[in-house]
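Q: For reference, this is work-v5.json, and it has JSON, C-alpha atoms.
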[["chain", "number", "residue", "atom", "x", "y", "z"],
["A", 1, "MET", "CA", 10.26, -9.35, 25.68],
["A", 2, "ILE", "CA", 6.53, -8.86, 25.40],
["A", 3, "GLU", "CA", 4.57, -12.02, 24.63],
["A", 4, "GLY", "CA", 3.74, -12.40, 20.96],
["A", 5, "THR", "CA", 6.34, -9.93, 19.70],
["A", 6, "VAL", "CA", 9.55, -9.98, 17.68],
["A", 7, "LEU", "CA", 12.41, -7.50, 18.16],
["A", 8, "VAL", "CA", 13.91, -6.59, 14.79],
["A", 9, "ARG", "CA", 17.07, -4.68, 13.94],
["A", 10, "VAL", "CA", 15.81, -2.52, 11.11],
["A", 11, "LYS", "CA", 17.73, -2.60, 7.84],
["A", 12, "ALA", "CA", 15.11, -0.75, 5.80],
["A", 13, "ALA", "CA", 11.79, 0.95, 6.50],
["A", 14, "GLY", "CA", 9.03, 1.75, 4.02],
["A", 15, "LEU", "CA", 7.28, 5.13, 4.10],
["A", 16, "ASN", "CA", 3.53, 5.45, 3.59],
["A", 17, "PRO", "CA", 0.95, 8.27, 3.47],
["A", 18, "ILE", "CA", -0.24, 7.17, 6.92],
["A", 19, "ASP", "CA", 3.07, 8.48, 8.29],
["A", 20, "ASN", "CA", 2.22, 11.96, 7.07],
["A", 21, "ALA", "CA", -1.32, 11.60, 8.40],
["A", 22, "ILE", "CA", 0.08, 10.78, 11.84],
["A", 23, "THR", "CA", 2.50, 13.70, 11.65],
["A", 24, "ALA", "CA", -0.33, 16.09, 10.73],
["A", 25, "GLY", "CA", -2.43, 14.91, 13.66],
["A", 26, "LEU", "CA", -5.15, 13.45, 11.45],
["A", 27, "VAL", "CA", -5.05, 10.05, 13.13],
["A", 28, "ALA", "CA", -5.27, 11.69, 16.55],
["A", 29, "GLN", "CA", -8.30, 13.67, 15.35],
["A", 30, "MET", "CA", -9.95, 10.34, 14.55],
["A", 31, "GLY", "CA", -9.77, 9.54, 18.25],
["A", 32, "VAL", "CA", -6.91, 7.03, 18.11],
["A", 33, "PRO", "CA", -4.80, 7.42, 21.29],
["A", 34, "HIS", "CA", -1.15, 8.40, 20.82],
["A", 35, "GLU", "CA", 1.78, 7.84, 23.18],
["A", 36, "TYR", "CA", 4.85, 10.06, 23.01],
["A", 37, "PRO", "CA", 7.66, 10.08, 22.06],
["A", 38, "LEU", "CA", 6.23, 8.74, 18.81],
["A", 39, "VAL", "CA", 8.31, 7.10, 16.06],
["A", 40, "LEU", "CA", 7.05, 7.18, 12.48],
["A", 41, "GLY", "CA", 7.12, 4.25, 10.06],
["A", 42, "ARG", "CA", 4.92, 1.14, 9.79],
["A", 43, "ASP", "CA", 6.83, -1.20, 7.44],
["A", 44, "ALA", "CA", 10.24, -2.76, 8.02],
["A", 45, "ALA", "CA", 12.65, -5.43, 6.89],
["A", 46, "GLY", "CA", 15.51, -6.50, 9.10],
["A", 47, "ILE", "CA", 17.14, -9.14, 11.26],
["A", 48, "VAL", "CA", 15.57, -10.70, 14.35],
["A", 49, "GLU", "CA", 17.39, -9.80, 17.59],
["A", 50, "ALA", "CA", 15.03, -11.41, 20.11],
["A", 51, "VAL", "CA", 11.66, -13.12, 20.28],
["A", 52, "GLY", "CA", 8.94, -13.53, 22.88],
["A", 53, "ALA", "CA", 8.76, -16.77, 24.83],
["A", 54, "ASP", "CA", 5.75, -17.98, 22.85],
["A", 55, "VAL", "CA", 7.29, -17.37, 19.40],
["A", 56, "ASP", "CA", 8.36, -20.64, 17.80],
["A", 57, "ASN", "CA", 8.28, -19.98, 14.05],
["A", 58, "ILE", "CA", 10.70, -17.03, 14.03],
["A", 59, "ALA", "CA", 14.24, -17.29, 15.44],
["A", 60, "VAL", "CA", 17.06, -14.93, 16.33],
["A", 61, "GLY", "CA", 19.10, -14.17, 13.21],
["A", 62, "ASP", "CA", 16.21, -14.68, 10.77],
["A", 63, "GLU", "CA", 15.73, -12.08, 8.06],
["A", 64, "VAL", "CA", 12.13, -10.91, 8.21],
["A", 65, "ILE", "CA", 9.54, -8.52, 6.84],
["A", 66, "GLY", "CA", 7.09, -6.92, 9.24],
["A", 67, "HIS", "CA", 4.54, -4.25, 9.92],
["A", 68, "VAL", "CA", 3.46, -2.21, 12.93],
["A", 69, "LEU", "CA", -0.30, -2.70, 12.93],
["A", 70, "LEU", "CA", -2.29, 0.50, 13.49],
["A", 71, "ALA", "CA", -3.59, -0.20, 16.98],
["A", 72, "PRO", "CA", -3.79, 2.13, 19.96],
["A", 73, "PRO", "CA", -1.72, 3.64, 21.27],
["A", 74, "VAL", "CA", 0.15, 4.89, 18.18],
["A", 75, "SER", "CA", 3.74, 5.09, 19.38],
["A", 76, "ALA", "CA", 6.29, 2.57, 18.07],
["A", 77, "GLY", "CA", 7.53, 2.94, 14.49],
["A", 78, "THR", "CA", 10.07, 1.50, 12.09],
["A", 79, "LEU", "CA", 12.19, 4.61, 11.44],
["A", 80, "ALA", "CA", 14.49, 3.42, 14.19],
["A", 81, "GLU", "CA", 17.41, 1.08, 14.76],
["A", 82, "TYR", "CA", 15.12, -1.44, 16.43],
["A", 83, "VAL", "CA", 11.39, -2.04, 16.38],
["A", 84, "LEU", "CA", 9.13, -4.39, 18.32],
["A", 85, "LEU", "CA", 6.73, -6.02, 15.87],
["A", 86, "PRO", "CA", 3.65, -8.14, 16.57],
["A", 87, "LEU", "CA", 4.21, -11.75, 15.54],
["A", 88, "ALA", "CA", 0.94, -11.65, 13.58],
["A", 89, "ALA", "CA", 2.52, -9.18, 11.14],
["A", 90, "VAL", "CA", 5.97, -10.77, 10.69],
["A", 91, "THR", "CA", 7.06, -13.23, 8.00],
["A", 92, "HIS", "CA", 10.38, -14.54, 6.72],
["A", 93, "LYS", "CA", 12.06, -12.48, 4.01],
["A", 94, "PRO", "CA", 12.88, -14.53, 0.93],
["A", 95, "ALA", "CA", 16.59, -14.48, 0.15],
["A", 96, "GLU", "CA", 15.81, -13.25, -3.36],
["A", 97, "LEU", "CA", 14.49, -9.92, -2.00],
["A", 98, "ASP", "CA", 16.86, -7.27, -0.72],
["A", 99, "PHE", "CA", 15.90, -5.39, 2.43],
["A", 100, "ALA", "CA", 14.81, -2.23, 0.60],
["A", 101, "ALA", "CA", 12.40, -4.06, -1.68],
["A", 102, "ALA", "CA", 11.07, -6.14, 1.20],
["A", 103, "ALA", "CA", 10.38, -3.04, 3.32],
["A", 104, "ALA", "CA", 8.31, -1.57, 0.50],
["A", 105, "LEU", "CA", 5.89, -4.48, 0.50],
["A", 106, "PRO", "CA", 3.63, -4.76, 3.59],
["A", 107, "LEU", "CA", 1.21, -1.83, 3.79],
["A", 108, "ALA", "CA", 1.01, -0.96, 0.08],
["A", 109, "GLY", "CA", 0.78, -4.61, -0.91],
["A", 110, "GLY", "CA", -1.79, -5.27, 1.78],
["A", 111, "ALA", "CA", -3.92, -2.35, 0.62],
["A", 112, "ALA", "CA", -3.77, -3.56, -2.98],
["A", 113, "VAL", "CA", -4.82, -7.06, -1.95],
["A", 114, "ALA", "CA", -7.74, -5.66, 0.06],
["A", 115, "CYS", "CA", -8.90, -3.57, -2.91],
["A", 116, "VAL", "CA", -8.75, -6.48, -5.31],
["A", 117, "GLU", "CA", -10.61, -8.73, -2.88],
["A", 118, "ALA", "CA", -13.26, -6.04, -2.37],
["A", 119, "ILE", "CA", -14.14, -5.84, -6.07],
["A", 120, "ASP", "CA", -13.45, -9.55, -6.75],
["A", 121, "PRO", "CA", -13.02, -9.10, -10.53],
["A", 122, "ARG", "CA", -13.81, -11.85, -13.00],
["A", 123, "PRO", "CA", -11.56, -12.53, -16.00],
["A", 124, "GLY", "CA", -12.38, -10.16, -18.83],
["A", 125, "GLN", "CA", -13.90, -7.44, -16.67],
["A", 126, "THR", "CA", -12.53, -3.91, -16.95],
["A", 127, "VAL", "CA", -11.24, -2.22, -13.83],
["A", 128, "LEU", "CA", -10.15, 1.40, -13.50],
["A", 129, "VAL", "CA", -7.32, 2.09, -11.04],
["A", 130, "ASN", "CA", -7.34, 5.78, -10.11],
["A", 131, "GLY", "CA", -3.98, 6.73, -8.62],
["A", 132, "ALA", "CA", -2.16, 3.81, -10.23],
["A", 133, "SER", "CA", 1.31, 5.35, -10.26],
["A", 134, "GLY", "CA", 1.88, 5.17, -6.50],
["A", 135, "GLY", "CA", 2.96, 2.24, -4.37],
["A", 136, "VAL", "CA", -0.50, 0.74, -3.83],
["A", 137, "GLY", "CA", -1.50, 1.34, -7.43],
["A", 138, "SER", "CA", 1.60, -0.36, -8.78],
["A", 139, "PHE", "CA", 0.67, -3.51, -6.86],
["A", 140, "ALA", "CA", -3.04, -3.25, -7.69],
["A", 141, "VAL", "CA", -2.41, -3.06, -11.45],
["A", 142, "GLN", "CA", -0.35, -6.25, -11.32],
["A", 143, "LEU", "CA", -2.73, -8.17, -9.07],
["A", 144, "LEU", "CA", -5.73, -7.24, -11.20],
["A", 145, "ALA", "CA", -3.99, -8.18, -14.43],
["A", 146, "ALA", "CA", -3.02, -11.51, -12.88],
["A", 147, "ARG", "CA", -6.73, -12.11, -12.18],
["A", 148, "GLY", "CA", -7.47, -11.65, -15.89],
["A", 149, "ALA", "CA", -8.95, -8.15, -15.63],
["A", 150, "ARG", "CA", -8.44, -5.49, -18.28],
["A", 151, "VAL", "CA", -6.81, -2.69, -16.30],
["A", 152, "VAL", "CA", -7.30, 0.99, -17.09],
["A", 153, "ALA", "CA", -4.80, 2.98, -15.03],
["A", 154, "THR", "CA", -4.47, 6.69, -14.40],
["A", 155, "GLY", "CA", -1.04, 8.28, -14.52],
["A", 156, "ALA", "CA", 1.03, 11.10, -15.91],
["A", 157, "PRO", "CA", 2.56, 10.82, -19.40],
["A", 158, "THR", "CA", 5.84, 9.75, -17.82],
["A", 159, "ASP", "CA", 4.06, 6.79, -16.17],
["A", 160, "VAL", "CA", 2.70, 5.20, -19.36],
["A", 161, "ASP", "CA", 5.56, 2.81, -20.13],
["A", 162, "ARG", "CA", 5.94, 1.67, -16.52],
["A", 163, "LEU", "CA", 2.23, 1.08, -15.93],
["A", 164, "THR", "CA", 1.88, -0.71, -19.25],
["A", 165, "ALA", "CA", 4.77, -2.98, -18.31],
["A", 166, "LEU", "CA", 3.02, -3.74, -15.01],
["A", 167, "GLY", "CA", -0.09, -4.91, -16.86],
["A", 168, "ALA", "CA", -2.25, -1.88, -17.67],
["A", 169, "ALA", "CA", -4.06, -2.18, -20.99],
["A", 170, "LEU", "CA", -4.72, 1.57, -21.13],
["A", 171, "VAL", "CA", -3.18, 4.50, -19.27],
["A", 172, "VAL", "CA", -5.35, 7.61, -18.89],
["A", 173, "ASP", "CA", -3.51, 10.90, -18.46],
["A", 174, "PHE", "CA", -5.10, 12.49, -15.39],
["A", 175, "THR", "CA", -3.37, 15.77, -16.24],
["A", 176, "ALA", "CA", -5.19, 16.00, -19.60],
["A", 177, "GLY", "CA", -8.76, 16.38, -18.34],
["A", 178, "ARG", "CA", -11.47, 14.69, -16.33],
["A", 179, "VAL", "CA", -10.63, 11.04, -15.82],
["A", 180, "ALA", "CA", -14.21, 9.77, -16.10],
["A", 181, "GLU", "CA", -14.74, 11.47, -19.45],
["A", 182, "GLN", "CA", -11.51, 10.01, -20.85],
["A", 183, "VAL", "CA", -12.39, 6.54, -19.63],
["A", 184, "LEU", "CA", -15.90, 6.71, -21.10],
["A", 185, "ALA", "CA", -14.45, 7.79, -24.43],
["A", 186, "ALA", "CA", -12.61, 4.46, -24.54],
["A", 187, "HIS", "CA", -15.31, 2.43, -22.75],
["A", 188, "PRO", "CA", -18.70, 4.03, -23.53],
["A", 189, "ASP", "CA", -20.62, 1.50, -21.39],
["A", 190, "GLY", "CA", -18.41, 2.21, -18.39],
["A", 191, "VAL", "CA", -15.96, 0.03, -16.51],
["A", 192, "ASP", "CA", -17.05, -2.81, -14.23],
["A", 193, "ALA", "CA", -15.22, -1.59, -11.15],
["A", 194, "LEU", "CA", -13.07, 1.22, -9.79],
["A", 195, "VAL", "CA", -10.16, 0.97, -7.39],
["A", 196, "ASN", "CA", -9.79, 4.51, -6.07],
["A", 197, "LEU", "CA", -6.47, 5.39, -4.47],
["A", 198, "ALA", "CA", -6.40, 9.17, -4.96],
["A", 199, "GLY", "CA", -8.38, 12.24, -3.97],
["A", 200, "PHE", "CA", -9.85, 13.17, -0.61],
["A", 201, "ALA", "CA", -13.09, 14.78, -1.77],
["A", 202, "PRO", "CA", -16.09, 12.78, -3.05],
["A", 203, "ASP", "CA", -16.14, 14.66, -6.35],
["A", 204, "ALA", "CA", -12.51, 13.65, -6.96],
["A", 205, "VAL", "CA", -13.58, 10.02, -7.35],
["A", 206, "PRO", "CA", -14.27, 9.24, -11.07],
["A", 207, "ALA", "CA", -17.43, 7.31, -10.22],
["A", 208, "ALA", "CA", -19.14, 8.37, -13.46],
["A", 209, "ALA", "CA", -16.80, 6.00, -15.30],
["A", 210, "VAL", "CA", -18.38, 2.97, -13.58],
["A", 211, "ARG", "CA", -21.40, 1.28, -15.16],
["A", 212, "ALA", "CA", -24.63, 0.78, -13.22],
["A", 213, "GLY", "CA", -24.31, -2.23, -10.97],
["A", 214, "GLY", "CA", -20.55, -1.73, -10.65],
["A", 215, "ILE", "CA", -18.46, -1.42, -7.50],
["A", 216, "ILE", "CA", -16.03, 1.15, -6.13],
["A", 217, "ALA", "CA", -13.36, 0.18, -3.61],
["A", 218, "SER", "CA", -11.55, 3.19, -2.14],
["A", 219, "THR", "CA", -8.70, 3.69, 0.28],
["A", 220, "THR", "CA", -9.39, 7.42, 0.52],
["A", 221, "VAL", "CA", -12.98, 8.59, 0.15],
["A", 222, "LEU", "CA", -16.22, 7.45, -1.46],
["A", 223, "PRO", "CA", -19.01, 9.41, -3.13],
["A", 224, "ASP", "CA", -21.97, 10.17, -0.88],
["A", 225, "GLN", "CA", -24.26, 7.19, -0.35],
["A", 226, "ALA", "CA", -27.13, 9.03, -2.03],
["A", 227, "ASP", "CA", -25.01, 9.51, -5.16],
["A", 228, "LEU", "CA", -23.96, 5.86, -5.12],
["A", 229, "ASP", "CA", -27.58, 4.75, -4.82],
["A", 230, "ALA", "CA", -28.67, 7.07, -7.64],
["A", 231, "ALA", "CA", -26.03, 5.57, -9.93],
["A", 232, "SER", "CA", -26.74, 1.98, -8.78],
["A", 233, "LEU", "CA", -23.19, 1.60, -7.50],
["A", 234, "THR", "CA", -21.77, -0.21, -4.48],
["A", 235, "GLY", "CA", -19.08, 1.58, -2.47],
["A", 236, "VAL", "CA", -16.59, -0.16, -0.18],
["A", 237, "SER", "CA", -14.10, 1.61, 2.09],
["A", 238, "VAL", "CA", -10.89, -0.40, 2.21],
["A", 239, "MET", "CA", -8.47, -0.74, 5.10],
["A", 240, "ALA", "CA", -5.24, -2.68, 4.64],
["A", 241, "ALA", "CA", -4.53, -5.60, 6.95],
["A", 242, "PRO", "CA", -0.85, -6.44, 6.35],
["A", 243, "THR", "CA", -0.71, -9.54, 8.53],
["A", 244, "ARG", "CA", 1.60, -12.49, 7.93],
["A", 245, "GLY", "CA", -1.06, -14.26, 5.88],
["A", 246, "VAL", "CA", -1.15, -11.32, 3.47],
["A", 247, "ILE", "CA", 2.54, -10.37, 3.42],
["A", 248, "ALA", "CA", 3.99, -13.86, 2.98],
["A", 249, "PRO", "CA", 2.26, -14.75, -0.33],
["A", 250, "LEU", "CA", 3.16, -11.34, -1.78],
["A", 251, "ALA", "CA", 6.79, -11.81, -0.76],
["A", 252, "GLU", "CA", 6.83, -15.25, -2.38],
["A", 253, "GLN", "CA", 5.38, -13.85, -5.61],
["A", 254, "ALA", "CA", 7.97, -11.07, -5.63],
["A", 255, "ALA", "CA", 10.80, -13.52, -4.96],
["A", 256, "ALA", "CA", 9.60, -15.69, -7.86],
["A", 257, "GLY", "CA", 9.55, -12.69, -10.19],
["A", 258, "ASP", "CA", 5.77, -12.72, -10.52],
["A", 259, "LEU", "CA", 5.24, -9.40, -8.70],
["A", 260, "GLU", "CA", 7.35, -6.30, -9.20],
["A", 261, "ILE", "CA", 8.00, -4.12, -6.17],
["A", 262, "ALA", "CA", 8.13, -0.60, -7.56],
["A", 263, "VAL", "CA", 10.65, 1.29, -5.41],
["A", 264, "ALA", "CA", 10.81, 4.93, -6.47],
["A", 265, "SER", "CA", 13.67, 5.99, -4.19],
["A", 266, "VAL", "CA", 15.91, 4.67, -1.42],
["A", 267, "LEU", "CA", 17.05, 7.27, 1.09],
["A", 268, "PRO", "CA", 19.31, 7.28, 4.15],
["A", 269, "LEU", "CA", 17.65, 7.88, 7.51],
["A", 270, "GLU", "CA", 18.76, 11.50, 7.64],
["A", 271, "ARG", "CA", 16.73, 12.16, 4.48],
["A", 272, "ALA", "CA", 13.53, 10.49, 5.67],
["A", 273, "ILE", "CA", 11.87, 13.91, 5.86],
["A", 274, "ASP", "CA", 12.52, 14.35, 2.13],
["A", 275, "GLY", "CA", 10.76, 11.07, 1.45],
["A", 276, "LEU", "CA", 7.76, 12.10, 3.52],
["A", 277, "ALA", "CA", 7.64, 15.43, 1.69],
["A", 278, "GLY", "CA", 7.62, 13.63, -1.65],
["A", 279, "LEU", "CA", 4.72, 11.46, -0.52],
["A", 280, "ALA", "CA", 2.80, 14.50, 0.69],
["A", 281, "ALA", "CA", 3.35, 16.24, -2.64],
["A", 282, "GLY", "CA", 2.17, 13.18, -4.56],
["A", 283, "SER", "CA", 5.37, 13.07, -6.57],
["A", 284, "ALA", "CA", 6.46, 9.53, -5.65],
["A", 285, "THR", "CA", 5.97, 7.07, -8.51],
["A", 286, "GLY", "CA", 6.26, 3.95, -6.43],
["A", 287, "LYS", "CA", 7.46, 3.24, -2.92],
["A", 288, "VAL", "CA", 9.86, 5.33, -0.88],
["A", 289, "VAL", "CA", 12.21, 3.38, 1.37],
["A", 290, "VAL", "CA", 14.60, 4.53, 4.09],
["A", 291, "THR", "CA", 17.71, 2.45, 4.83],
["A", 292, "LEU", "CA", 19.56, 2.32, 8.13],
["A", 293, "ASP", "CA", 23.28, 1.74, 8.58],
["A", 294, "ASP", "CA", 24.51, -1.16, 10.67]]
If you took the structure in this file and wrote it as structure tokens, what would it be?
A:
Amino acid sequence: MIEGTVLVRVKAAGLNPIDNAITAGLVAQMGVPHEYPLVLGRDAAGIVEAVGADVDNIAVGDEVIGHVLLAPPVSAGTLAEYVLLPLAAVTHKPAELDFAAAAALPLAGGAAVACVEAIDPRPGQTVLVNGASGGVGSFAVQLLAARGARVVATGAPTDVDRLTALGAALVVDFTAGRVAEQVLAAHPDGVDALVNLAGFAPDAVPAAAVRAGGIIASTTVLPDQADLDAASLTGVSVMAAPTRGVIAPLAEQAAAGDLEIAVASVLPLERAIDGLAGLAAGSATGKVVVTLDD
């Protein structure tokens, strides 16, 4: 066993857009070294099979949640019977969470936490979540509402009831026209902040909906700095850090019923490619999880 690692027998693995980015070679194009054969998957829930000599808070037989941190070389993944996880990204799985729900938590939940921390909303402020219907958005809506923010979420008509139940005060139909214009119709002075989780071109970010002095936190792309300056906006690029200190509190909230884990579909390993295709098409309304047989 490598020092500082935990060997986990995978019961369920969560899929994320980063898996498709790795498959398409986008992460390699960013200069991150890869080592082949490469296994996809970053999130997992399972049972501990072995631990490194220096691991004293996780034991063989424990049910855990973990994440493969994106560090070079990109190689190990969770779409496998076993995965070696860094201790820094492993926490105990509450008994109240099944393996599928637990595997859906780390990366999406970590990204949502990072977005909320980046904008640091005050109670009563209005926050637009663009791309709210996906896994990260589902968590972000709930975390923002719990902070006392008024959440405006984008979604399709079929997402309205679900997003409202998660805490959105208003759901904007992104299929009905420009998001910024619809938001400004309801909030003429603009929203206080934007959590942007969709679009990979600067003009796809509904920055015009944010008032002067507001902030945009984005997991995808930001408007050009010159455009941000002209609108008196602050832009923050967000990277998730699903370490134990982030995952554990989310798992506890979910176990207590204070945080819903929106799982869109649970697929067997042989259908993992279908799950990745759904993510690539943007059709997943929540998290996609792959389960592995014993």
Q: Give me the residues of range 220-287 of chain A that have any atom at most 12 Å from an atom of range 90-113 of chain A; for each, the nearest atom pair and the distance in Å, rounded to one decimal. Use only C-alpha atoms, sort by chain and number, and format it as a tab-separated table.
A:
residue	atom	partner	partner_atom	distance
A:Thr220	CA	A:Ala111	CA	11.2
A:Ser237	CA	A:Ala111	CA	11.0
A:Val238	CA	A:Ala111	CA	7.4
A:Met239	CA	A:Ala111	CA	6.6
A:Ala240	CA	A:Ala111	CA	4.2
A:Ala241	CA	A:Gly110	CA	5.9
A:Pro242	CA	A:Gly110	CA	4.8
A:Thr243	CA	A:Val90	CA	7.1
A:Arg244	CA	A:Val90	CA	5.4
A:Gly245	CA	A:Thr91	CA	8.5
A:Val246	CA	A:Gly110	CA	6.3
A:Ile247	CA	A:Pro106	CA	5.7
A:Ala248	CA	A:Thr91	CA	5.9
A:Pro249	CA	A:Thr91	CA	9.7
A:Leu250	CA	A:Gly109	CA	7.2
A:Ala251	CA	A:Pro94	CA	6.9
A:Glu252	CA	A:Pro94	CA	6.9
A:Gln253	CA	A:Pro94	CA	10.0
A:Ala254	CA	A:Leu97	CA	7.6
A:Ala255	CA	A:Glu96	CA	5.3
A:Ala256	CA	A:Glu96	CA	8.0
A:Gly257	CA	A:Glu96	CA	9.3
A:Leu259	CA	A:Gly109	CA	10.2
A:Glu260	CA	A:Ala101	CA	9.3
A:Ile261	CA	A:Ala101	CA	6.3
A:Ala262	CA	A:Ala101	CA	8.0
A:Val263	CA	A:Ala101	CA	6.8
A:Ala264	CA	A:Ala104	CA	9.9
A:Ser265	CA	A:Ala100	CA	9.6
A:Val266	CA	A:Ala100	CA	7.3
A:Leu267	CA	A:Ala100	CA	9.8
A:Pro268	CA	A:Ala100	CA	11.1
A:Gly286	CA	A:Ala104	CA	9.1
A:Lys287	CA	A:Ala104	CA	6.0
Q: Which residue gives the smallest distance to Leu7 in chain A among A:Thr78, A:Thr23, A:Thr158, A:Thr219, with all atoms listed in the file counted?
A: A:Thr78
Q: What lies within 8 Å of Arg211 in chain A using only C-alpha atoms, ignoring chain neighbours under 2 positions off, as number ranges by chain?
A: A: 189-193, 208-209, 213-214, 233
Q: Neighbours of range 198-206 of chain A within 8 Å (only C-alpha atoms; same-chain residues fewer than 3 positions away dropped), as a VMD selection string?
A: chain A and resid 130 to 131 179 to 180 209 to 210 219 to 224
Q: Measure the distance from CA of Gly148 in chain A to CA of Gly124 in chain A in Å and round it to one decimal.
A: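 Separation of CA of Gly148 in chain A and CA of Gly124 in chain A: 5.9 Å.
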Q: Start from the incomplete input, build N, CA, C and O atoms for range 275-291 of chain A, and deliver everything as a compact mmCIF listing (two decimals), keeping the file's coordinate frame.
A:
# COMPACT_ATOMS: atom_id res chain seq x y z
N GLY A 275 11.66 12.10 1.95
CA GLY A 275 10.76 11.07 1.45
C GLY A 275 9.32 11.34 1.84
O GLY A 275 8.40 11.18 1.02
N LEU A 276 9.11 11.77 3.07
CA LEU A 276 7.76 12.10 3.52
C LEU A 276 7.21 13.30 2.75
O LEU A 276 6.02 13.33 2.41
N ALA A 277 8.07 14.26 2.46
CA ALA A 277 7.64 15.43 1.69
C ALA A 277 7.22 15.03 0.28
O ALA A 277 6.24 15.54 -0.27
N GLY A 278 7.97 14.10 -0.32
CA GLY A 278 7.62 13.63 -1.65
C GLY A 278 6.28 12.91 -1.66
O GLY A 278 5.47 13.09 -2.58
N LEU A 279 6.02 12.13 -0.63
CA LEU A 279 4.72 11.46 -0.52
C LEU A 279 3.60 12.48 -0.37
O LEU A 279 2.54 12.37 -1.00
N ALA A 280 3.84 13.48 0.46
CA ALA A 280 2.80 14.50 0.69
C ALA A 280 2.50 15.28 -0.58
O ALA A 280 1.36 15.67 -0.82
N ALA A 281 3.52 15.48 -1.40
CA ALA A 281 3.35 16.24 -2.64
C ALA A 281 2.76 15.39 -3.76
O ALA A 281 2.38 15.91 -4.81
N GLY A 282 2.70 14.07 -3.54
CA GLY A 282 2.17 13.18 -4.56
C GLY A 282 3.12 12.95 -5.71
O GLY A 282 2.70 12.54 -6.80
N SER A 283 4.40 13.18 -5.48
CA SER A 283 5.37 13.07 -6.57
C SER A 283 6.07 11.72 -6.63
O SER A 283 6.86 11.47 -7.55
N ALA A 284 5.79 10.83 -5.67
CA ALA A 284 6.46 9.53 -5.65
C ALA A 284 5.77 8.57 -6.60
O ALA A 284 4.58 8.32 -6.49
N THR A 285 6.52 8.05 -7.56
CA THR A 285 5.97 7.07 -8.51
C THR A 285 6.42 5.68 -8.10
O THR A 285 7.24 5.06 -8.75
N GLY A 286 5.85 5.21 -7.02
CA GLY A 286 6.26 3.95 -6.43
C GLY A 286 6.55 4.16 -4.96
O GLY A 286 6.21 5.18 -4.37
N LYS A 287 7.19 3.19 -4.35
CA LYS A 287 7.46 3.24 -2.92
C LYS A 287 8.72 4.00 -2.58
O LYS A 287 9.68 4.01 -3.34
N VAL A 288 8.70 4.65 -1.41
CA VAL A 288 9.86 5.33 -0.88
C VAL A 288 10.35 4.55 0.32
O VAL A 288 9.57 4.23 1.24
N VAL A 289 11.64 4.22 0.32
CA VAL A 289 12.21 3.38 1.37
C VAL A 289 13.39 4.11 2.02
O VAL A 289 14.17 4.78 1.34
N VAL A 290 13.49 3.96 3.32
CA VAL A 290 14.60 4.53 4.09
C VAL A 290 15.49 3.37 4.58
O VAL A 290 14.98 2.37 5.10
N THR A 291 16.80 3.47 4.37
CA THR A 291 17.71 2.45 4.83
C THR A 291 18.48 2.94 6.05
O THR A 291 18.74 4.13 6.21
